[in-house]
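Enquirer: So here's model38.tsv, just TSV, C-alpha atoms:
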chain	number	residue	atom	x	y	z
Z	177	MET	CA	12.04	7.49	1.31
Z	178	ASN	CA	9.86	9.14	-1.35
Z	179	GLU	CA	6.87	10.81	0.24
Z	180	CYS	CA	3.46	10.70	-1.42
Z	181	LYS	CA	1.78	13.90	-2.61
Z	182	ILE	CA	-1.92	14.64	-2.44
Z	183	SER	CA	-1.78	16.02	-5.99
Z	184	ASP	CA	-0.75	12.56	-7.27
Z	185	LEU	CA	-3.96	10.98	-5.95
Z	186	SER	CA	-7.37	10.78	-7.61
Z	187	VAL	CA	-10.72	9.32	-6.55
Z	188	GLY	CA	-11.03	5.69	-7.64
Z	189	GLN	CA	-7.27	4.99	-7.52
Z	190	PHE	CA	-6.56	1.85	-5.53
Z	191	HIS	CA	-3.98	-0.67	-4.43
Z	192	GLU	CA	-4.67	-4.33	-3.70
Z	193	GLU	CA	-2.56	-6.93	-1.90
Z	194	GLU	CA	-2.98	-10.65	-1.36
Z	195	TYR	CA	-2.45	-12.31	2.04
Z	196	VAL	CA	-2.39	-15.75	3.64
Z	197	VAL	CA	-2.04	-16.03	7.41
Z	198	THR	CA	-0.39	-19.19	8.71
Z	199	GLU	CA	-0.84	-20.58	12.23
Z	200	GLU	CA	2.72	-19.46	12.97
Z	201	MET	CA	1.82	-15.87	12.02
Z	202	GLY	CA	-1.28	-16.14	14.22
Z	203	LYS	CA	0.92	-17.19	17.16
Z	204	GLU	CA	3.26	-14.27	16.55
Z	205	PHE	CA	0.36	-11.81	16.45
Z	206	ALA	CA	-1.00	-13.31	19.69
Z	207	GLU	CA	2.35	-12.58	21.36
Z	208	ILE	CA	2.41	-9.01	20.05
Z	209	SER	CA	-1.22	-8.16	20.80
Z	210	GLN	CA	-1.33	-10.19	24.00
Z	211	ASP	CA	-4.50	-11.77	22.64
Z	212	PHE	CA	-4.22	-15.47	23.47
Z	213	ASN	CA	-7.93	-16.19	23.05
Z	214	SER	CA	-8.49	-19.92	22.39
Z	215	ILE	CA	-10.59	-19.16	19.30
Z	216	HIS	CA	-7.35	-18.10	17.59
Z	217	LEU	CA	-4.95	-20.67	19.04
Z	218	ASP	CA	-6.61	-23.81	20.39
Z	219	LYS	CA	-7.60	-26.19	17.61
Z	220	GLU	CA	-9.85	-28.41	19.71
Z	221	PHE	CA	-11.60	-25.53	21.45
Z	222	ALA	CA	-12.23	-23.79	18.12
Z	223	GLU	CA	-13.65	-26.94	16.53
Z	224	HIS	CA	-16.43	-26.86	19.13
Z	225	SER	CA	-17.08	-23.12	18.69
Z	226	ARG	CA	-19.58	-21.37	16.40
Z	227	PHE	CA	-16.80	-20.97	13.80
Z	228	GLY	CA	-15.89	-24.69	13.63
Z	229	GLN	CA	-12.18	-23.92	13.42
Z	230	ARG	CA	-9.56	-21.42	14.59
Z	231	ILE	CA	-9.96	-17.89	13.20
Z	232	VAL	CA	-7.39	-15.22	12.41
Z	233	HIS	CA	-7.24	-12.20	14.78
Z	234	GLY	CA	-9.41	-9.53	13.10
Z	235	MET	CA	-6.98	-6.82	14.13
Z	236	LEU	CA	-4.25	-8.49	12.07
Z	237	VAL	CA	-6.23	-7.34	9.02
Z	238	GLY	CA	-6.26	-3.85	10.60
Z	239	SER	CA	-2.49	-4.12	10.87
Z	240	TYR	CA	-2.13	-5.10	7.21
Z	241	ILE	CA	-4.34	-2.15	6.17
Z	242	SER	CA	-2.09	0.13	8.20
Z	243	GLY	CA	0.90	-1.51	6.48
Z	244	ILE	CA	-0.47	-0.80	2.99
Z	245	ILE	CA	-1.31	2.83	3.84
Z	246	GLY	CA	2.05	3.55	5.49
Z	247	ASN	CA	4.24	1.79	2.93
Z	248	LYS	CA	2.57	1.30	-0.40
Z	249	PHE	CA	-0.55	3.31	-1.04
Z	250	PRO	CA	-0.66	6.23	-0.56
Z	251	GLY	CA	2.61	5.30	1.22
Z	252	PRO	CA	5.20	7.28	3.20
Z	253	GLY	CA	3.97	10.76	4.07
Z	254	SER	CA	0.45	9.51	4.92
Z	255	ILE	CA	-0.52	10.36	8.49
Z	256	TYR	CA	-3.15	8.04	9.90
Z	257	MET	CA	-6.05	9.99	11.42
Z	258	SER	CA	-8.68	7.29	11.83
Z	259	GLN	CA	-9.74	3.80	10.85
Z	260	THR	CA	-13.04	1.95	11.10
Z	261	LEU	CA	-13.17	-1.84	10.91
Z	262	ASN	CA	-16.35	-3.88	10.52
Z	263	PHE	CA	-15.65	-7.57	10.94
Z	264	CYS	CA	-18.20	-9.18	8.58
Z	265	LYS	CA	-17.02	-12.80	8.26
Z	266	PRO	CA	-14.31	-14.84	9.97
Z	267	ILE	CA	-10.96	-15.44	8.28
Z	268	TYR	CA	-9.35	-18.86	8.69
Z	269	TYR	CA	-5.68	-19.83	8.69
Z	270	ASN	CA	-4.15	-20.61	5.30
Z	271	GLN	CA	-7.10	-18.95	3.52
Z	272	LYS	CA	-6.22	-16.53	0.74
Z	273	PHE	CA	-7.68	-13.04	1.08
Z	274	PHE	CA	-7.25	-9.64	-0.49
Z	275	ILE	CA	-7.12	-6.14	0.94
Z	276	LYS	CA	-8.01	-3.22	-1.32
Z	277	VAL	CA	-7.36	0.39	-0.34
Z	278	GLU	CA	-9.22	2.85	-2.59
Z	279	VAL	CA	-9.38	6.65	-2.63
Z	280	THR	CA	-12.99	7.78	-2.15
Z	281	LYS	CA	-12.62	11.49	-1.34
Z	282	ILE	CA	-9.88	14.11	-1.49
Z	283	ASP	CA	-9.97	17.44	0.35
Z	284	LYS	CA	-6.91	19.30	-0.92
Z	285	GLU	CA	-7.60	22.35	1.22
Z	286	LYS	CA	-7.61	20.38	4.47
Z	287	HIS	CA	-4.98	17.90	3.16
Z	288	ARG	CA	-7.32	15.01	3.94
Z	289	VAL	CA	-7.95	11.84	1.98
Z	290	MET	CA	-10.65	9.24	2.64
Z	291	LEU	CA	-9.87	5.64	1.77
Z	292	ARG	CA	-12.19	2.66	1.63
Z	293	THR	CA	-10.40	-0.34	3.10
Z	294	ILE	CA	-12.02	-3.60	2.18
Z	295	CYS	CA	-10.94	-7.18	2.72
Z	296	ARG	CA	-12.48	-9.95	0.57
Z	297	ASP	CA	-11.95	-13.67	0.06
Z	298	ALA	CA	-11.30	-15.37	-3.30
Z	299	MET	CA	-15.11	-15.76	-3.80
Z	300	ASP	CA	-15.49	-11.98	-3.40
Z	301	ASN	CA	-17.21	-12.27	0.01
Z	302	LYS	CA	-16.66	-9.24	2.20
Z	303	LEU	CA	-14.63	-10.21	5.28
Z	304	VAL	CA	-13.73	-6.82	6.76
Z	305	ASP	CA	-15.03	-3.45	5.59
Z	306	GLY	CA	-14.04	0.01	6.73
Z	307	GLU	CA	-12.72	3.47	6.06
Z	308	ALA	CA	-9.49	5.26	6.80
Z	309	LYS	CA	-8.90	8.99	7.00
Z	310	ILE	CA	-5.38	10.22	6.36
Z	311	TYR	CA	-3.58	13.55	6.32
Z	312	ILE	CA	-1.00	14.23	3.62
Z	313	GLU	CA	1.05	17.33	4.29
Z	314	LYS	CA	2.35	18.02	0.76
R	727	MET	CA	-11.55	-21.09	29.30
R	728	ASN	CA	-14.36	-19.36	31.19
R	729	GLU	CA	-16.63	-17.52	28.79
R	730	CYS	CA	-18.07	-14.13	29.70
R	731	LYS	CA	-21.83	-13.67	30.04
R	732	ILE	CA	-23.77	-10.59	28.99
R	733	SER	CA	-25.73	-10.74	32.28
R	734	ASP	CA	-22.48	-10.18	34.20
R	735	LEU	CA	-21.90	-6.82	32.48
R	736	SER	CA	-23.26	-3.41	33.41
R	737	VAL	CA	-22.90	0.06	31.90
R	738	GLY	CA	-19.91	1.89	33.42
R	739	GLN	CA	-17.92	-1.27	34.17
R	740	PHE	CA	-14.38	-1.00	32.84
R	741	HIS	CA	-10.95	-2.54	32.66
R	742	GLU	CA	-7.70	-0.60	32.33
R	743	GLU	CA	-4.21	-1.78	31.38
R	744	GLU	CA	-0.85	-0.04	31.30
R	745	TYR	CA	1.56	-0.36	28.36
R	746	VAL	CA	5.03	0.68	27.30
R	747	VAL	CA	6.21	-0.06	23.76
R	748	THR	CA	9.96	-0.54	23.30
R	749	GLU	CA	11.80	-0.09	20.00
R	750	GLU	CA	12.18	-3.87	19.86
R	751	MET	CA	8.38	-4.30	20.09
R	752	GLY	CA	8.01	-1.68	17.35
R	753	LYS	CA	10.34	-3.70	15.09
R	754	GLU	CA	8.38	-6.88	15.77
R	755	PHE	CA	5.10	-5.16	14.93
R	756	ALA	CA	6.67	-3.78	11.72
R	757	GLU	CA	7.50	-7.36	10.69
R	758	ILE	CA	4.00	-8.60	11.47
R	759	SER	CA	2.09	-5.71	9.87
R	760	GLN	CA	4.59	-5.30	7.03
R	761	ASP	CA	4.63	-1.60	7.91
R	762	PHE	CA	8.28	-0.56	7.68
R	763	ASN	CA	7.55	3.16	7.42
R	764	SER	CA	10.61	5.19	8.47
R	765	ILE	CA	8.54	7.27	10.91
R	766	HIS	CA	8.36	4.13	13.09
R	767	LEU	CA	11.85	2.72	12.54
R	768	ASP	CA	14.41	5.26	11.34
R	769	LYS	CA	15.66	7.47	14.16
R	770	GLU	CA	17.33	10.08	11.97
R	771	PHE	CA	14.45	10.33	9.51
R	772	ALA	CA	11.94	10.69	12.36
R	773	GLU	CA	13.99	13.44	14.04
R	774	HIS	CA	13.49	15.57	10.93
R	775	SER	CA	9.76	14.78	10.70
R	776	ARG	CA	6.81	16.73	12.14
R	777	PHE	CA	6.88	14.39	15.16
R	778	GLY	CA	10.54	15.02	16.06
R	779	GLN	CA	11.11	11.37	16.92
R	780	ARG	CA	9.99	7.86	16.00
R	781	ILE	CA	6.34	7.05	16.76
R	782	VAL	CA	4.64	3.79	17.69
R	783	HIS	CA	2.43	2.17	15.00
R	784	GLY	CA	-1.12	3.36	15.81
R	785	MET	CA	-2.52	-0.04	14.94
R	786	LEU	CA	-0.47	-1.60	17.74
R	787	VAL	CA	-2.85	0.19	20.11
R	788	GLY	CA	-5.72	-1.34	18.09
R	789	SER	CA	-4.09	-4.73	18.65
R	790	TYR	CA	-3.84	-4.17	22.41
R	791	ILE	CA	-7.52	-3.13	22.54
R	792	SER	CA	-8.38	-6.35	20.71
R	793	GLY	CA	-6.19	-8.20	23.24
R	794	ILE	CA	-8.05	-6.73	26.23
R	795	ILE	CA	-11.47	-7.48	24.72
R	796	GLY	CA	-10.61	-11.06	23.72
R	797	ASN	CA	-8.77	-12.02	26.90
R	798	LYS	CA	-9.61	-9.84	29.84
R	799	PHE	CA	-12.66	-7.67	29.53
R	800	PRO	CA	-15.26	-8.78	28.65
R	801	GLY	CA	-12.90	-11.65	27.72
R	802	PRO	CA	-13.38	-15.05	26.07
R	803	GLY	CA	-16.81	-15.38	24.49
R	804	SER	CA	-16.72	-11.81	23.09
R	805	ILE	CA	-17.11	-11.77	19.33
R	806	TYR	CA	-15.62	-8.67	17.73
R	807	MET	CA	-18.11	-6.98	15.40
R	808	SER	CA	-16.48	-3.60	14.83
R	809	GLN	CA	-13.88	-1.15	16.04
R	810	THR	CA	-13.30	2.53	15.36
R	811	LEU	CA	-9.94	4.14	16.06
R	812	ASN	CA	-9.26	7.88	16.07
R	813	PHE	CA	-5.57	8.60	16.32
R	814	CYS	CA	-5.48	11.87	18.30
R	815	LYS	CA	-1.84	12.24	19.36
R	816	PRO	CA	1.35	10.31	18.56
R	817	ILE	CA	2.73	7.72	20.99
R	818	TYR	CA	6.50	7.51	21.38
R	819	TYR	CA	8.68	4.54	22.28
R	820	ASN	CA	9.22	3.92	26.00
R	821	GLN	CA	6.30	6.22	26.87
R	822	LYS	CA	3.82	4.88	29.42
R	823	PHE	CA	0.18	4.83	28.30
R	824	PHE	CA	-3.10	3.34	29.43
R	825	ILE	CA	-5.95	1.67	27.58
R	826	LYS	CA	-9.40	1.70	29.17
R	827	VAL	CA	-12.26	-0.43	27.86
R	828	GLU	CA	-15.63	0.64	29.29
R	829	VAL	CA	-19.16	-0.68	28.76
R	830	THR	CA	-21.38	2.11	27.38
R	831	LYS	CA	-24.46	0.23	26.14
R	832	ILE	CA	-25.91	-3.26	26.50
R	833	ASP	CA	-28.60	-4.70	24.23
R	834	LYS	CA	-29.48	-8.04	25.84
R	835	GLU	CA	-32.06	-8.88	23.18
R	836	LYS	CA	-29.58	-8.58	20.32
R	837	HIS	CA	-26.67	-9.83	22.49
R	838	ARG	CA	-24.69	-6.70	21.66
R	839	VAL	CA	-22.43	-4.63	23.87
R	840	MET	CA	-20.87	-1.26	23.03
R	841	LEU	CA	-17.49	-0.45	24.55
R	842	ARG	CA	-15.62	2.83	24.62
R	843	THR	CA	-11.95	2.14	23.99
R	844	ILE	CA	-9.74	5.00	25.00
R	845	CYS	CA	-5.97	5.31	25.20
R	846	ARG	CA	-4.44	8.09	27.34
R	847	ASP	CA	-0.97	9.11	28.46
R	848	ALA	CA	0.12	9.64	32.09
R	849	MET	CA	-0.97	13.32	31.84
R	850	ASP	CA	-4.47	12.17	30.85
R	851	ASN	CA	-4.10	13.38	27.24
R	852	LYS	CA	-6.22	11.39	24.80
R	853	LEU	CA	-3.98	9.48	22.38
R	854	VAL	CA	-6.44	7.14	20.66
R	855	ASP	CA	-10.22	7.20	21.05
R	856	GLY	CA	-12.78	4.81	19.67
R	857	GLU	CA	-15.63	2.37	20.11
R	858	ALA	CA	-15.96	-1.37	19.81
R	859	LYS	CA	-19.13	-3.37	19.21
R	860	ILE	CA	-19.13	-6.96	20.38
R	861	TYR	CA	-21.53	-9.88	20.32
R	862	ILE	CA	-21.81	-12.13	23.38
R	863	GLU	CA	-23.78	-15.28	22.72
R	864	LYS	CA	-24.66	-16.23	26.31
Starting from the file, give its structure as structure tokens.
Expert:
Amino acid sequence: MNECKISDLSVGQFHEEEYVVTEEMGKEFAEISQDFNSIHLDKEFAEHSRFGQRIVHGMLVGSYISGIIGNKFPGPGSIYMSQTLNFCKPIYYNQKFFIKVEVTKIDKEKHRVMLRTICRDAMDNKLVDGEAKIYIEK
Amino acid sequence: MNECKISDLSVGQFHEEEYVVTEEMGKEFAEISQDFNSIHLDKEFAEHSRFGQRIVHGMLVGSYISGIIGNKFPGPGSIYMSQTLNFCKPIYYNQKFFIKVEVTKIDKEKHRVMLRTICRDAMDNKLVDGEAKIYIEK
């Protein structure tokens, strides 16, 4: 596993991934997170809710952000210090969305990197916004 | 599904749950989050890392917090607005830990409730600390 280096990063560098969450993936995440709330799983219940249909667990987006940081960008060697998540708009099943992780600040002395972590739909609406702080040893 | 009501909540009220994450659960979360970082999955690699052994995905704790909020406390009817997560200490597989969700502020006019979400080990060491903001319609 090649570990990332802080010297390879620069402010403005980013990585973006596309996602679609199916109902099956929603069920799997419900099992894992033990979050069986009807708004995520019960079609009829959700149709009568403020959202009009079932919505994806917000924390699944948090999990994908963590997946990008730990695997792809900056990737292995990143140590997760903190994450903020602001859930702006609901995400529905089978809806395409994008997560972008962008370097906003680098503190080489303290080995810390700030990342903006933003999730948008295909119309560029902000769905989840937040920031991650990571530590990179090398 | 019985929905929670903001009038039933008071500052200081809390709910606590106990967790143990097995290696199998770690593998499942890796599949879901697409985070296959060796620090979570590769025993030998992790033994030579700063942590000395494999660690649990931090965002799995985020997922459990989301599970408590959506299902148990305050429970159905809670709409997740934001979550902060500060990863203070690593969590290892098969280690017992506790997540406590506590009401810290209630704004009945704006229908908003602040929750402190804290994860501790059996020795009372803070593992993950954070805050959630939720909206409760009724």
Enquirer: What residues in chain Z have any atom no more than 6 Å from chain R when counting only C-alpha atoms, and can you write them as a list in words?
Expert: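 Listing them in order of chain and number gives Ser209, Gln210, Asp211, Asn213, Met235, Ser239, Tyr240, Gly243, Gly246, Asn247, Met257, Ser258, Gln259, Thr260, Leu261, Asn262 and Phe263 of chain Z.
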Enquirer: Grab the atom CA of Ile832 of chain R to atom CA of His741 of chain R distance for me, in Å with one decimal place.
Expert: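 So the answer is 16.2 Å.
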Enquirer: Mind fitting chain R onto chain Z over all Cα atoms in sequence order and sending the result as an mmCIF file with C-alpha atoms, keeping the file's coordinate frame?
Expert:
data_model
loop_
_atom_site.group_PDB
_atom_site.id
_atom_site.type_symbol
_atom_site.label_atom_id
_atom_site.label_comp_id
_atom_site.auth_asym_id
_atom_site.auth_seq_id
_atom_site.Cartn_x
_atom_site.Cartn_y
_atom_site.Cartn_z
ATOM 1 C CA MET R 727 12.035 7.482 1.307
ATOM 2 C CA ASN R 728 9.861 9.115 -1.352
ATOM 3 C CA GLU R 729 6.882 10.816 0.238
ATOM 4 C CA CYS R 730 3.472 10.699 -1.420
ATOM 5 C CA LYS R 731 1.798 13.904 -2.598
ATOM 6 C CA ILE R 732 -1.914 14.638 -2.420
ATOM 7 C CA SER R 733 -1.781 16.021 -5.992
ATOM 8 C CA ASP R 734 -0.747 12.571 -7.251
ATOM 9 C CA LEU R 735 -3.967 10.992 -5.939
ATOM 10 C CA SER R 736 -7.363 10.791 -7.603
ATOM 11 C CA VAL R 737 -10.717 9.340 -6.555
ATOM 12 C CA GLY R 738 -11.016 5.695 -7.661
ATOM 13 C CA GLN R 739 -7.275 4.989 -7.526
ATOM 14 C CA PHE R 740 -6.552 1.842 -5.539
ATOM 15 C CA HIS R 741 -3.976 -0.670 -4.433
ATOM 16 C CA GLU R 742 -4.670 -4.334 -3.709
ATOM 17 C CA GLU R 743 -2.562 -6.931 -1.896
ATOM 18 C CA GLU R 744 -2.982 -10.655 -1.363
ATOM 19 C CA TYR R 745 -2.455 -12.317 2.030
ATOM 20 C CA VAL R 746 -2.402 -15.734 3.633
ATOM 21 C CA VAL R 747 -2.050 -16.028 7.409
ATOM 22 C CA THR R 748 -0.387 -19.200 8.704
ATOM 23 C CA GLU R 749 -0.838 -20.588 12.218
ATOM 24 C CA GLU R 750 2.715 -19.462 12.965
ATOM 25 C CA MET R 751 1.817 -15.862 12.011
ATOM 26 C CA GLY R 752 -1.276 -16.146 14.217
ATOM 27 C CA LYS R 753 0.916 -17.178 17.174
ATOM 28 C CA GLU R 754 3.269 -14.262 16.555
ATOM 29 C CA PHE R 755 0.369 -11.813 16.442
ATOM 30 C CA ALA R 756 -1.007 -13.325 19.682
ATOM 31 C CA GLU R 757 2.337 -12.561 21.356
ATOM 32 C CA ILE R 758 2.398 -9.000 20.046
ATOM 33 C CA SER R 759 -1.246 -8.144 20.789
ATOM 34 C CA GLN R 760 -1.332 -10.183 24.001
ATOM 35 C CA ASP R 761 -4.509 -11.766 22.637
ATOM 36 C CA PHE R 762 -4.220 -15.463 23.474
ATOM 37 C CA ASN R 763 -7.926 -16.191 23.050
ATOM 38 C CA SER R 764 -8.480 -19.911 22.385
ATOM 39 C CA ILE R 765 -10.598 -19.165 19.299
ATOM 40 C CA HIS R 766 -7.342 -18.100 17.594
ATOM 41 C CA LEU R 767 -4.941 -20.665 19.053
ATOM 42 C CA ASP R 768 -6.607 -23.808 20.390
ATOM 43 C CA LYS R 769 -7.594 -26.195 17.610
ATOM 44 C CA GLU R 770 -9.844 -28.414 19.711
ATOM 45 C CA PHE R 771 -11.600 -25.537 21.456
ATOM 46 C CA ALA R 772 -12.218 -23.786 18.123
ATOM 47 C CA GLU R 773 -13.654 -26.950 16.537
ATOM 48 C CA HIS R 774 -16.422 -26.875 19.143
ATOM 49 C CA SER R 775 -17.064 -23.136 18.699
ATOM 50 C CA ARG R 776 -19.582 -21.397 16.416
ATOM 51 C CA PHE R 777 -16.792 -20.986 13.837
ATOM 52 C CA GLY R 778 -15.890 -24.694 13.641
ATOM 53 C CA GLN R 779 -12.179 -23.931 13.441
ATOM 54 C CA ARG R 780 -9.564 -21.431 14.592
ATOM 55 C CA ILE R 781 -9.952 -17.896 13.210
ATOM 56 C CA VAL R 782 -7.383 -15.222 12.415
ATOM 57 C CA HIS R 783 -7.244 -12.205 14.785
ATOM 58 C CA GLY R 784 -9.412 -9.537 13.094
ATOM 59 C CA MET R 785 -6.985 -6.831 14.123
ATOM 60 C CA LEU R 786 -4.255 -8.495 12.060
ATOM 61 C CA VAL R 787 -6.232 -7.345 9.018
ATOM 62 C CA GLY R 788 -6.269 -3.854 10.590
ATOM 63 C CA SER R 789 -2.485 -4.117 10.865
ATOM 64 C CA TYR R 790 -2.123 -5.089 7.199
ATOM 65 C CA ILE R 791 -4.341 -2.149 6.160
ATOM 66 C CA SER R 792 -2.088 0.131 8.205
ATOM 67 C CA GLY R 793 0.899 -1.512 6.474
ATOM 68 C CA ILE R 794 -0.474 -0.801 2.985
ATOM 69 C CA ILE R 795 -1.309 2.820 3.839
ATOM 70 C CA GLY R 796 2.051 3.553 5.490
ATOM 71 C CA ASN R 797 4.239 1.796 2.932
ATOM 72 C CA LYS R 798 2.568 1.311 -0.396
ATOM 73 C CA PHE R 799 -0.551 3.303 -1.038
ATOM 74 C CA PRO R 800 -0.638 6.226 -0.572
ATOM 75 C CA GLY R 801 2.617 5.307 1.225
ATOM 76 C CA PRO R 802 5.206 7.284 3.200
ATOM 77 C CA GLY R 803 3.969 10.762 4.061
ATOM 78 C CA SER R 804 0.451 9.504 4.932
ATOM 79 C CA ILE R 805 -0.507 10.373 8.484
ATOM 80 C CA TYR R 806 -3.144 8.047 9.906
ATOM 81 C CA MET R 807 -6.049 9.997 11.404
ATOM 82 C CA SER R 808 -8.678 7.290 11.820
ATOM 83 C CA GLN R 809 -9.745 3.806 10.846
ATOM 84 C CA THR R 810 -13.039 1.958 11.106
ATOM 85 C CA LEU R 811 -13.179 -1.825 10.903
ATOM 86 C CA ASN R 812 -16.349 -3.885 10.508
ATOM 87 C CA PHE R 813 -15.654 -7.564 10.934
ATOM 88 C CA CYS R 814 -18.192 -9.182 8.576
ATOM 89 C CA LYS R 815 -17.026 -12.794 8.257
ATOM 90 C CA PRO R 816 -14.308 -14.850 9.968
ATOM 91 C CA ILE R 817 -10.952 -15.455 8.269
ATOM 92 C CA TYR R 818 -9.351 -18.868 8.707
ATOM 93 C CA TYR R 819 -5.686 -19.842 8.709
ATOM 94 C CA ASN R 820 -4.154 -20.619 5.309
ATOM 95 C CA GLN R 821 -7.099 -18.962 3.534
ATOM 96 C CA LYS R 822 -6.218 -16.543 0.737
ATOM 97 C CA PHE R 823 -7.689 -13.045 1.069
ATOM 98 C CA PHE R 824 -7.249 -9.638 -0.498
ATOM 99 C CA ILE R 825 -7.116 -6.136 0.933
ATOM 100 C CA LYS R 826 -8.027 -3.223 -1.329
ATOM 101 C CA VAL R 827 -7.364 0.389 -0.358
ATOM 102 C CA GLU R 828 -9.229 2.851 -2.595
ATOM 103 C CA VAL R 829 -9.379 6.654 -2.632
ATOM 104 C CA THR R 830 -12.995 7.801 -2.152
ATOM 105 C CA LYS R 831 -12.623 11.508 -1.330
ATOM 106 C CA ILE R 832 -9.875 14.122 -1.489
ATOM 107 C CA ASP R 833 -9.983 17.449 0.350
ATOM 108 C CA LYS R 834 -6.910 19.310 -0.921
ATOM 109 C CA GLU R 835 -7.607 22.361 1.234
ATOM 110 C CA LYS R 836 -7.604 20.385 4.476
ATOM 111 C CA HIS R 837 -4.986 17.905 3.159
ATOM 112 C CA ARG R 838 -7.317 15.012 3.934
ATOM 113 C CA VAL R 839 -7.948 11.844 1.975
ATOM 114 C CA MET R 840 -10.648 9.243 2.639
ATOM 115 C CA LEU R 841 -9.879 5.634 1.758
ATOM 116 C CA ARG R 842 -12.198 2.657 1.618
ATOM 117 C CA THR R 843 -10.407 -0.338 3.091
ATOM 118 C CA ILE R 844 -12.027 -3.596 2.171
ATOM 119 C CA CYS R 845 -10.940 -7.182 2.720
ATOM 120 C CA ARG R 846 -12.491 -9.948 0.576
ATOM 121 C CA ASP R 847 -11.965 -13.664 0.072
ATOM 122 C CA ALA R 848 -11.307 -15.372 -3.289
ATOM 123 C CA MET R 849 -15.101 -15.758 -3.792
ATOM 124 C CA ASP R 850 -15.491 -11.983 -3.402
ATOM 125 C CA ASN R 851 -17.218 -12.278 -0.001
ATOM 126 C CA LYS R 852 -16.659 -9.236 2.198
ATOM 127 C CA LEU R 853 -14.632 -10.205 5.277
ATOM 128 C CA VAL R 854 -13.723 -6.819 6.758
ATOM 129 C CA ASP R 855 -15.028 -3.448 5.584
ATOM 130 C CA GLY R 856 -14.037 0.000 6.722
ATOM 131 C CA GLU R 857 -12.723 3.477 6.046
ATOM 132 C CA ALA R 858 -9.490 5.258 6.794
ATOM 133 C CA LYS R 859 -8.907 9.004 6.996
ATOM 134 C CA ILE R 860 -5.388 10.219 6.369
ATOM 135 C CA TYR R 861 -3.582 13.540 6.338
ATOM 136 C CA ILE R 862 -0.989 14.231 3.635
ATOM 137 C CA GLU R 863 1.053 17.332 4.307
ATOM 138 C CA LYS R 864 2.359 17.995 0.782
#
Enquirer: Using all atoms listed in the file for the distances, tell me which of Z:Ile312, Z:Leu217, Z:Leu291, Z:Met299 is nearest to Phe273 of chain Z.
Expert: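 With all atoms listed in the file as the atom set, the closest residue is Z:Met299.
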Enquirer: Take atom CA of Phe227 of chain Z and atom CA of Lys276 of chain Z and report the distance between them in Å, one decimal.
Expert: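 Calculated distance between atom CA of Phe227 of chain Z and atom CA of Lys276 of chain Z is 24.9 Å.
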Enquirer: Give me, please, the distance in Å between atom CA of Asn270 of chain Z and atom CA of His224 of chain Z, quoted to one decimal.
Expert: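 Between atom CA of Asn270 of chain Z and atom CA of His224 of chain Z the gap works out to 19.5 Å.
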Enquirer: Using only the atoms of segment 295-314 of chain Z listed in the file, plus 4 Å on each side, state the axis-aligned box centre and edge lengths in Å rounded to one decimal, as JSON.
Expert:
{"center_x": -7.4, "center_y": 1.1, "center_z": 1.6, "size_x": 27.6, "size_y": 41.8, "size_z": 18.8}
Enquirer: Which residue, Z:Glu200, Z:Asp283, Z:Glu220, Z:Glu192, has the smallest gap to Ile310 of chain Z when you use all atoms listed in the file?
Expert: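 Answer, going by the shortest atom-to-atom distance: Z:Asp283.
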Enquirer: Of the residues R:Phe799, R:Lys769, R:Val782, R:Glu835, which is the one nearest to Gln739 of chain R, using all atoms listed in the file?
Expert: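 Of R:Phe799, R:Lys769, R:Val782, R:Glu835, the one nearest Gln739 of chain R, counting all atoms listed in the file, is R:Phe799.
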Enquirer: Could you pull the residues within 8 Å of Tyr195 of chain Z, counting all atoms listed in the file, minus those fewer than 6 positions along the same chain, as a PyMOL selection string?
Expert: chain Z and resi 272-275
Enquirer: Please produce a file of those selected residues containing C-alpha atoms, as a tab-separated table (two decimals), in the frame of the given file.
Expert:
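Writing the result to result_27.tsv gives the following:
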chain	number	residue	atom	x	y	z
Z	272	LYS	CA	-6.22	-16.53	0.74
Z	273	PHE	CA	-7.68	-13.04	1.08
Z	274	PHE	CA	-7.25	-9.64	-0.49
Z	275	ILE	CA	-7.12	-6.14	0.94
Enquirer: Anything within 6 Å of (8.7, 4.2, 19.5): list those residues as a list in words, counting all atoms listed in the file and sticking to the file's coordinates.
Expert: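 Those within range, by chain then number, are Glu749, Arg780, Ile781, Val782, Tyr818 and Tyr819 of chain R.
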Enquirer: From the set R:Glu744, R:Tyr861, R:Asp768, R:Cys730, which residue has the shortest atom-to-atom contact distance to Arg846 of chain R, counting all atoms listed in the file?
Expert: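 Closest residue, counting all atoms listed in the file: R:Glu744.
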Enquirer: Find the residue from R:Pro816, R:Ala772, R:Arg838, R:Val829 that sits nearest to Leu735 of chain R; use only C-alpha atoms when measuring.
Expert: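 The answer is R:Val829, which sits nearest to Leu735 of chain R.
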Enquirer: What's the 12 Å shell around Ser186 of chain Z, counting only C-alpha atoms, without same-chain residues fewer than 4 positions away, as JSON, numbers by chain?
Expert: {"Z": [181, 182, 190, 250, 278, 279, 280, 281, 282, 283, 284, 289, 290, 291]}
Enquirer: Store the residues picked out above, limited to C-alpha atoms, as a PDB file, in the frame of the given file.
Expert:
ATOM      1  CA  LYS Z 181       1.780  13.900  -2.610  1.00  0.00           C
ATOM      2  CA  ILE Z 182      -1.920  14.640  -2.440  1.00  0.00           C
ATOM      3  CA  PHE Z 190      -6.560   1.850  -5.530  1.00  0.00           C
ATOM      4  CA  PRO Z 250      -0.660   6.230  -0.560  1.00  0.00           C
ATOM      5  CA  GLU Z 278      -9.220   2.850  -2.590  1.00  0.00           C
ATOM      6  CA  VAL Z 279      -9.380   6.650  -2.630  1.00  0.00           C
ATOM      7  CA  THR Z 280     -12.990   7.780  -2.150  1.00  0.00           C
ATOM      8  CA  LYS Z 281     -12.620  11.490  -1.340  1.00  0.00           C
ATOM      9  CA  ILE Z 282      -9.880  14.110  -1.490  1.00  0.00           C
ATOM     10  CA  ASP Z 283      -9.970  17.440   0.350  1.00  0.00           C
ATOM     11  CA  LYS Z 284      -6.910  19.300  -0.920  1.00  0.00           C
ATOM     12  CA  VAL Z 289      -7.950  11.840   1.980  1.00  0.00           C
ATOM     13  CA  MET Z 290     -10.650   9.240   2.640  1.00  0.00           C
ATOM     14  CA  LEU Z 291      -9.870   5.640   1.770  1.00  0.00           C
TER      15      LEU Z 291
END
